[in-house]
Structure formats: structure tokens, C-alpha cells
$ cat query.json   # JSON, C-alpha atoms
[["chain", "number", "residue", "atom", "x", "y", "z"],
["E", 3, "MET", "CA", -9.68, -14.82, -27.68],
["E", 4, "CYS", "CA", -8.34, -12.33, -25.10],
["E", 5, "SER", "CA", -9.62, -14.52, -22.26],
["E", 6, "LEU", "CA", -7.48, -17.38, -23.60],
["E", 7, "GLY", "CA", -4.47, -15.06, -23.55],
["E", 8, "PHE", "CA", -5.32, -14.07, -19.97],
["E", 9, "ALA", "CA", -5.53, -17.73, -18.93],
["E", 10, "ARG", "CA", -2.22, -18.45, -20.65],
["E", 11, "SER", "CA", -0.49, -15.65, -18.74],
["E", 12, "LEU", "CA", -1.95, -17.01, -15.48],
["E", 13, "GLY", "CA", -0.57, -20.44, -16.38],
["E", 14, "PHE", "CA", 2.90, -18.95, -16.85],
["E", 15, "ALA", "CA", 2.57, -17.20, -13.48],
["E", 16, "LEU", "CA", 1.60, -20.44, -11.69],
["E", 17, "LEU", "CA", 4.59, -22.51, -12.89],
["E", 18, "PRO", "CA", 7.35, -20.80, -10.85],
["E", 19, "LEU", "CA", 5.06, -20.53, -7.83],
["E", 20, "ALA", "CA", 4.41, -24.28, -7.87],
["E", 21, "ILE", "CA", 8.12, -25.07, -8.24],
["E", 22, "CYS", "CA", 8.99, -22.74, -5.35],
["E", 23, "CYS", "CA", 6.36, -24.44, -3.14],
["E", 24, "ILE", "CA", 7.87, -27.85, -3.89],
["E", 25, "VAL", "CA", 11.38, -26.59, -3.10],
["E", 26, "GLY", "CA", 10.17, -24.91, 0.11],
["E", 27, "ASN", "CA", 8.53, -28.12, 1.35],
["E", 28, "VAL", "CA", 11.60, -30.21, 0.48],
["E", 29, "LEU", "CA", 13.87, -27.80, 2.38],
["E", 30, "LEU", "CA", 11.71, -28.22, 5.51],
["E", 31, "PHE", "CA", 12.85, -31.86, 5.59],
["E", 32, "PHE", "CA", 16.51, -30.80, 5.92],
["E", 33, "PRO", "CA", 16.93, -28.25, 8.72],
["E", 34, "ASP", "CA", 20.49, -27.02, 9.08],
["E", 35, "ALA", "CA", 21.11, -28.69, 5.68],
["E", 36, "GLN", "CA", 21.44, -32.05, 7.47],
["E", 37, "VAL", "CA", 19.92, -35.37, 6.39],
["E", 38, "ILE", "CA", 20.21, -36.87, 9.89],
["E", 39, "TYR", "CA", 17.12, -35.08, 11.23],
["E", 40, "VAL", "CA", 14.77, -36.59, 8.67],
["E", 41, "GLN", "CA", 16.46, -40.00, 9.00],
["E", 42, "GLU", "CA", 15.85, -39.98, 12.76],
["E", 43, "ASN", "CA", 12.35, -38.49, 12.33],
["E", 44, "HIS", "CA", 13.28, -35.28, 14.14],
["E", 45, "VAL", "CA", 11.32, -32.97, 11.85],
["E", 46, "THR", "CA", 7.91, -31.46, 12.49],
["E", 47, "SER", "CA", 5.11, -33.87, 11.61],
["E", 48, "TYR", "CA", 3.49, -31.28, 9.35],
["E", 49, "VAL", "CA", 6.16, -31.60, 6.65],
["E", 50, "TRP", "CA", 4.85, -35.12, 6.06],
["E", 51, "TYR", "CA", 1.51, -33.61, 4.97],
["E", 52, "PHE", "CA", 3.34, -32.49, 1.78],
["E", 53, "MET", "CA", 1.55, -29.14, 1.73],
["E", 54, "GLY", "CA", 4.11, -27.59, -0.61],
["E", 55, "ILE", "CA", 4.88, -30.67, -2.68],
["E", 56, "GLY", "CA", 1.30, -31.86, -3.16],
["E", 57, "GLY", "CA", -0.93, -28.88, -2.40],
["E", 58, "GLY", "CA", 1.02, -25.84, -3.57],
["E", 59, "GLY", "CA", 3.10, -27.82, -6.06],
["E", 60, "LEU", "CA", 1.66, -30.76, -7.98],
["E", 61, "ALA", "CA", -1.98, -29.69, -7.55],
["E", 62, "ILE", "CA", -1.06, -26.25, -8.98],
["E", 63, "LEU", "CA", 0.80, -27.72, -11.94],
["E", 64, "ILE", "CA", -2.53, -29.17, -13.16],
["E", 65, "PRO", "CA", -4.25, -25.77, -13.67],
["E", 66, "ALA", "CA", -0.97, -24.26, -14.88],
["E", 67, "PHE", "CA", -0.72, -26.75, -17.75],
["E", 68, "VAL", "CA", -4.47, -26.57, -18.46],
["E", 69, "PHE", "CA", -4.33, -22.75, -18.67],
["E", 70, "LEU", "CA", -1.27, -22.94, -20.94],
["E", 71, "GLY", "CA", -2.95, -25.42, -23.28],
["E", 72, "MET", "CA", -6.34, -23.72, -23.52],
["E", 73, "SER", "CA", -5.87, -22.39, -27.05],
["E", 74, "LYS", "CA", -5.28, -25.96, -28.30],
["E", 75, "CYS", "CA", -8.31, -27.09, -26.32],
["E", 76, "ALA", "CA", -10.44, -24.33, -27.85],
["E", 77, "LYS", "CA", -9.41, -25.44, -31.35],
["E", 78, "SER", "CA", -10.22, -29.09, -30.67],
["E", 79, "CYS", "CA", -13.47, -28.23, -28.81],
["E", 80, "GLY", "CA", -14.54, -25.78, -31.44],
["E", 81, "THR", "CA", -15.53, -23.04, -28.99],
["E", 82, "GLU", "CA", -13.79, -20.91, -26.40],
["E", 83, "SER", "CA", -16.67, -21.55, -23.96],
["E", 84, "CYS", "CA", -15.92, -25.27, -24.01],
["E", 85, "ALA", "CA", -12.26, -24.59, -23.15],
["E", 86, "MET", "CA", -13.33, -22.24, -20.37],
["E", 87, "CYS", "CA", -15.40, -25.04, -18.77],
["E", 88, "GLY", "CA", -12.21, -27.11, -18.53],
["E", 89, "SER", "CA", -10.35, -24.19, -17.01],
["E", 90, "VAL", "CA", -13.02, -23.81, -14.32],
["E", 91, "ILE", "CA", -12.49, -27.42, -13.20],
["E", 92, "ALA", "CA", -8.70, -26.99, -13.29],
["E", 93, "ALA", "CA", -8.99, -23.75, -11.32],
["E", 94, "LEU", "CA", -11.04, -25.59, -8.68],
["E", 95, "VAL", "CA", -8.22, -28.13, -8.32],
["E", 96, "GLY", "CA", -5.82, -25.20, -7.90],
["E", 97, "LEU", "CA", -8.05, -23.55, -5.30],
["E", 98, "VAL", "CA", -8.18, -26.76, -3.26],
["E", 99, "GLY", "CA", -4.41, -27.35, -3.57],
["E", 100, "SER", "CA", -3.38, -23.81, -2.66],
["E", 101, "GLY", "CA", -5.96, -23.70, 0.16],
["E", 102, "TYR", "CA", -4.55, -26.94, 1.56],
["E", 103, "CYS", "CA", -0.99, -25.60, 1.37],
["E", 104, "PHE", "CA", -2.03, -22.39, 3.15],
["E", 105, "LEU", "CA", -3.96, -24.21, 5.88],
["E", 106, "ILE", "CA", -1.26, -26.76, 6.76],
["E", 107, "SER", "CA", 1.51, -24.13, 6.58],
["E", 108, "ALA", "CA", -0.45, -21.85, 8.91],
["E", 109, "ILE", "CA", -1.05, -24.67, 11.42],
["E", 110, "ALA", "CA", 2.64, -25.68, 11.28],
["E", 111, "LEU", "CA", 3.69, -22.06, 11.81],
["E", 112, "LEU", "CA", 1.36, -21.70, 14.81],
["E", 113, "LYS", "CA", 2.56, -24.98, 16.34],
["E", 114, "GLY", "CA", 6.23, -24.11, 15.95],
["E", 115, "PRO", "CA", 9.22, -26.30, 15.15],
["E", 116, "TYR", "CA", 10.09, -29.72, 16.52],
["E", 117, "CYS", "CA", 13.47, -29.45, 18.18],
["E", 118, "PHE", "CA", 15.77, -30.66, 20.94],
["E", 119, "THR", "CA", 15.62, -28.70, 24.19],
["E", 120, "GLN", "CA", 17.80, -29.18, 27.28],
["E", 121, "ALA", "CA", 14.77, -29.42, 29.55],
["E", 122, "GLU", "CA", 12.51, -31.86, 27.66],
["E", 123, "GLY", "CA", 14.46, -33.44, 24.81],
["E", 124, "TRP", "CA", 12.76, -33.63, 21.38],
["E", 125, "VAL", "CA", 9.50, -31.66, 21.61],
["E", 126, "SER", "CA", 7.55, -28.83, 20.03],
["E", 127, "PRO", "CA", 8.28, -26.29, 22.80],
["E", 128, "PHE", "CA", 6.04, -23.53, 21.41],
["E", 129, "GLU", "CA", 3.04, -25.72, 20.64],
["E", 130, "ASN", "CA", 0.83, -24.36, 23.42],
["E", 131, "ASP", "CA", 1.88, -20.71, 23.51],
["E", 132, "GLY", "CA", -0.60, -19.54, 20.87],
["E", 133, "ALA", "CA", 2.09, -18.49, 18.37],
["E", 134, "LYS", "CA", 3.50, -15.91, 20.82],
["E", 135, "TYR", "CA", 6.95, -17.31, 20.06],
["E", 136, "LEU", "CA", 6.79, -15.61, 16.65],
["E", 137, "PHE", "CA", 7.09, -12.23, 18.39],
["E", 138, "ALA", "CA", 9.49, -13.31, 21.14],
["E", 139, "ARG", "CA", 12.83, -13.96, 19.47],
["E", 140, "ASP", "CA", 14.54, -14.39, 22.82],
["E", 141, "THR", "CA", 12.63, -17.66, 23.34],
["E", 142, "TRP", "CA", 13.97, -19.16, 20.10],
["E", 143, "SER", "CA", 17.20, -20.16, 21.83],
["E", 144, "GLU", "CA", 15.23, -22.88, 23.66],
["E", 145, "CYS", "CA", 15.81, -25.02, 20.57],
["E", 146, "ASP", "CA", 19.38, -26.38, 20.72],
["E", 147, "GLN", "CA", 19.17, -28.68, 17.72],
["E", 148, "PRO", "CA", 18.88, -28.20, 14.83],
["E", 149, "ARG", "CA", 20.64, -24.85, 15.01],
["E", 150, "HIS", "CA", 18.44, -21.95, 13.82],
["E", 151, "ILE", "CA", 15.47, -24.30, 13.36],
["E", 152, "VAL", "CA", 12.98, -21.63, 14.40],
["E", 153, "GLU", "CA", 14.27, -19.18, 11.78],
["E", 154, "TRP", "CA", 14.36, -22.00, 9.21],
["E", 155, "ASN", "CA", 10.74, -23.03, 9.83],
["E", 156, "VAL", "CA", 9.35, -19.51, 10.18],
["E", 157, "THR", "CA", 11.02, -18.37, 6.95],
["E", 158, "LEU", "CA", 10.02, -21.38, 4.83],
["E", 159, "LEU", "CA", 6.49, -21.63, 6.20],
["E", 160, "SER", "CA", 5.96, -17.89, 5.69],
["E", 161, "ILE", "CA", 7.15, -18.28, 2.09],
["E", 162, "LEU", "CA", 4.71, -21.17, 1.59],
["E", 163, "LEU", "CA", 1.90, -19.06, 3.07],
["E", 164, "GLY", "CA", 2.69, -16.19, 0.70],
["E", 165, "LEU", "CA", 3.07, -18.38, -2.39],
["E", 166, "SER", "CA", -0.13, -20.34, -1.70],
["E", 167, "THR", "CA", -2.03, -17.07, -1.21],
["E", 168, "ILE", "CA", -0.87, -15.84, -4.62],
["E", 169, "GLU", "CA", -1.72, -19.21, -6.19],
["E", 170, "PHE", "CA", -5.18, -19.10, -4.62],
["E", 171, "LEU", "CA", -5.83, -15.59, -5.98],
["E", 172, "ILE", "CA", -4.64, -16.55, -9.49],
["E", 173, "CYS", "CA", -6.84, -19.66, -9.53],
["E", 174, "LEU", "CA", -9.76, -17.62, -8.19],
["E", 175, "MET", "CA", -9.33, -15.08, -11.00],
["E", 176, "GLN", "CA", -9.35, -17.81, -13.63],
["E", 177, "PHE", "CA", -12.25, -19.62, -11.94],
["E", 178, "THR", "CA", -14.31, -16.40, -12.04],
["E", 179, "SER", "CA", -13.22, -15.52, -15.59],
["E", 180, "GLY", "CA", -13.81, -19.06, -16.85],
["E", 181, "LEU", "CA", -17.22, -19.27, -15.21],
["E", 182, "VAL", "CA", -18.32, -15.94, -16.65],
["E", 183, "ASN", "CA", -17.07, -16.90, -20.13],
["E", 184, "ALA", "CA", -18.48, -20.42, -20.04],
["E", 185, "VAL", "CA", -21.92, -19.41, -18.74],
["E", 186, "CYS", "CA", -22.53, -15.88, -19.96],
["E", 187, "ARG", "CA", -20.95, -15.96, -23.41],
["E", 188, "PRO", "CA", -23.32, -18.58, -24.89],
["E", 189, "CYS", "CA", -26.28, -16.69, -23.39],
["E", 190, "CYS", "CA", -25.06, -13.43, -24.97],
["E", 191, "TYR", "CA", -24.64, -15.14, -28.34],
["E", 192, "LYS", "CA", -28.20, -16.52, -28.16],
["E", 193, "GLN", "CA", -29.58, -13.08, -27.34],
["E", 194, "GLU", "CA", -27.58, -11.52, -30.19],
["E", 195, "TYR", "CA", -28.84, -14.19, -32.58],
["E", 196, "SER", "CA", -32.48, -13.70, -31.53],
["E", 197, "LEU", "CA", -32.15, -9.91, -31.90],
["E", 198, "ASN", "CA", -30.60, -10.29, -35.37],
["E", 199, "ALA", "CA", -33.27, -12.78, -36.43]]
$ encode --input "query.json" --output "C-alpha cells"
Amino acid sequence: MCSLGFARSLGFALLPLAICCIVGNVLLFFPDAQVIYVQENHVTSYVWYFMGIGGGGLAILIPAFVFLGMSKCAKSCGTESCAMCGSVIAALVGLVGSGYCFLISAIALLKGPYCFTQAEGWVSPFENDGAKYLFARDTWSECDQPRHIVEWNVTLLSILLGLSTIEFLICLMQFTSGLVNAVCRPCCYKQEYSLNA
């Protein structure tokens, strides 16, 4: 039953990560704590991919709740191996969700923010510089509106990258553990039974 306890602890770890991803994605819609930018569609197009809300958030809540409820599942299934099969599928959902969140956040970070510049109006001024803007803080002042949009995006997208990486690793651990328990445990029991017979 220790593997069920391990899965349960992973479920508890995933809950705050998923909530933080949702909050991070929502905050990207409101740079400078203003509603006007989202109303006028002056936010980066990548926030509409809902990488934190859907990928790192809701998709991660599925494995979190499955991992937390595995002991009940094991009782109703009758075996721990049966419950582990369910956790493998849930972990796959988590791997896809966290991978999606990581990928879209990384692309959005490389592209840079959507902002108003004196020279070109509303554009993504760092889109074609190969993410060099991340290491050239003096270029961040190109964005006049929203104020501090570069810092806002870089901070939140970096947080989403970090959280989705942790979520991916947690789901990978449970996927591996669940697969080993679901596949190997019945085989070991059969071998034990044949040796005892």
C-alpha cells in the first residue's frame, strides 16, 4: 500500500501547482492590473491558448484528484494493480497538460510581449530577435504601454515554465511507478504462486 501513499502525496503536491498555473495565466490577461488591455485585445495572442488555465491547471487537476482517490479506487477495484492502471492514464493526461503549458509558455517567452511602441504602434517588438531581449534590459523601454509589460510577461511566463516542469516530473514519476506496479506486480505474484505451488 506504500505506492498508494506515494501517489496520494503526489496528488497533494499537484493541487497548489495547478492553482498557481491558473492564476498565472489569468494575470497575463491583465498587464499593469488593467482590464482595458484585454478589452481592446492588446494582450499577446498566446494567453488565449490557455496554457496555464487548461494545460497546467485543469488538465493537472485530473491526475491530482485521481492520485488522491486511489485508495478508494483500490478498495472498489479489489486490487492495487487495478488502481495503478487508472493512475497511469491520469498521469498521461497530466504529462500532456504540463507539456502543453511548458511549450506554449516557452514560445510566448521567446516571442516577447505585445505592446505599444512609439515607432510602430501595437506590435511584438522582440518577435524576431531570437529572445535576445531577455538579456538586454535596456531594450525593454521600447514598450511604452502597458508599463512594465516585459517584466510582467517574463516573470509570469517563467513561473509557468517552472511550475509546468515540476508538474511534468511529478506526473512522470507516477506514470513510471504506476506502470511498474500495474505490470510487474501481477507477474511477481504469479511467479510467487508458482514457486509456492
$ closest_atom_pairs --input "query.json" --of "range 69-161 of chain E" --to "range 46-49 of chain E" --cutoff "7 Å" --atoms "all atoms listed in the file" --output "tab-separated table"
residue	atom	partner	partner_atom	distance
E:Ala110	CA	E:Tyr48	CA	6.0
E:Pro115	CA	E:Thr46	CA	6.0
E:Tyr116	CA	E:Thr46	CA	4.9
$ closest_residue --input "query.json" --among "E:Leu136, E:Leu19, E:Ala9, E:Ala121" --to "Gly88 in chain E" --atoms "all atoms listed in the file"
E:Ala9
$ atom_distance --input "query.json" --atom1 "CA of Phe170 in chain E" --atom2 "CA of Val98 in chain E"
8.3 Å
$ closest_residue --input "query.json" --among "E:Ile161, E:Val45, E:Gly99, E:Trp50" --to "Gly114 in chain E" --atoms "all atoms listed in the file"
E:Val45
$ closest_residue --input "query.json" --among "E:Leu105, E:Leu60, E:Ile151, E:Val182" --to "Ser126 in chain E" --atoms "all atoms listed in the file"
E:Ile151
$ closest_atom_pairs --input "query.json" --of "range 53-161 of chain E" --to "range 173-181 of chain E" --cutoff "7 Å" --atoms "all atoms listed in the file" --output "tab-separated table"
residue	atom	partner	partner_atom	distance
E:Met86	CA	E:Gly180	CA	4.8
E:Cys87	CA	E:Gly180	CA	6.5
E:Ser89	CA	E:Gly180	CA	6.2
E:Val90	CA	E:Phe177	CA	4.9
E:Ala93	CA	E:Cys173	CA	5.0
E:Leu94	CA	E:Phe177	CA	6.9
E:Gly96	CA	E:Cys173	CA	5.9
E:Leu97	CA	E:Cys173	CA	5.9
$ build_atoms --input "query.json" --residues "range 88-99 of chain E" --atoms "N, CA and C atoms" --output "PDB file, in the coordinates of the input"
ATOM      1  N   GLY E  88     -13.356 -26.331 -19.004  1.00  0.00           N
ATOM      2  CA  GLY E  88     -12.210 -27.110 -18.530  1.00  0.00           C
ATOM      3  C   GLY E  88     -11.336 -26.313 -17.580  1.00  0.00           C
ATOM      4  N   SER E  89     -11.193 -25.021 -17.869  1.00  0.00           N
ATOM      5  CA  SER E  89     -10.350 -24.190 -17.010  1.00  0.00           C
ATOM      6  C   SER E  89     -10.989 -23.967 -15.648  1.00  0.00           C
ATOM      7  N   VAL E  90     -12.314 -23.970 -15.604  1.00  0.00           N
ATOM      8  CA  VAL E  90     -13.020 -23.810 -14.320  1.00  0.00           C
ATOM      9  C   VAL E  90     -12.728 -25.005 -13.418  1.00  0.00           C
ATOM     10  N   ILE E  91     -12.774 -26.207 -13.974  1.00  0.00           N
ATOM     11  CA  ILE E  91     -12.490 -27.420 -13.200  1.00  0.00           C
ATOM     12  C   ILE E  91     -11.034 -27.427 -12.732  1.00  0.00           C
ATOM     13  N   ALA E  92     -10.121 -27.052 -13.643  1.00  0.00           N
ATOM     14  CA  ALA E  92      -8.700 -26.990 -13.290  1.00  0.00           C
ATOM     15  C   ALA E  92      -8.455 -25.934 -12.218  1.00  0.00           C
ATOM     16  N   ALA E  93      -9.136 -24.806 -12.321  1.00  0.00           N
ATOM     17  CA  ALA E  93      -8.990 -23.750 -11.320  1.00  0.00           C
ATOM     18  C   ALA E  93      -9.490 -24.218  -9.956  1.00  0.00           C
ATOM     19  N   LEU E  94     -10.548 -25.027  -9.948  1.00  0.00           N
ATOM     20  CA  LEU E  94     -11.040 -25.590  -8.680  1.00  0.00           C
ATOM     21  C   LEU E  94      -9.992 -26.486  -8.024  1.00  0.00           C
ATOM     22  N   VAL E  95      -9.307 -27.284  -8.839  1.00  0.00           N
ATOM     23  CA  VAL E  95      -8.220 -28.130  -8.320  1.00  0.00           C
ATOM     24  C   VAL E  95      -7.139 -27.228  -7.706  1.00  0.00           C
ATOM     25  N   GLY E  96      -6.817 -26.145  -8.404  1.00  0.00           N
ATOM     26  CA  GLY E  96      -5.820 -25.200  -7.900  1.00  0.00           C
ATOM     27  C   GLY E  96      -6.253 -24.521  -6.613  1.00  0.00           C
ATOM     28  N   LEU E  97      -7.531 -24.176  -6.522  1.00  0.00           N
ATOM     29  CA  LEU E  97      -8.050 -23.550  -5.300  1.00  0.00           C
ATOM     30  C   LEU E  97      -7.940 -24.500  -4.113  1.00  0.00           C
ATOM     31  N   VAL E  98      -8.272 -25.761  -4.331  1.00  0.00           N
ATOM     32  CA  VAL E  98      -8.180 -26.760  -3.260  1.00  0.00           C
ATOM     33  C   VAL E  98      -6.716 -26.967  -2.856  1.00  0.00           C
ATOM     34  N   GLY E  99      -5.838 -27.115  -3.859  1.00  0.00           N
ATOM     35  CA  GLY E  99      -4.410 -27.350  -3.570  1.00  0.00           C
ATOM     36  C   GLY E  99      -3.768 -26.195  -2.835  1.00  0.00           C
TER      37      GLY E  99
END
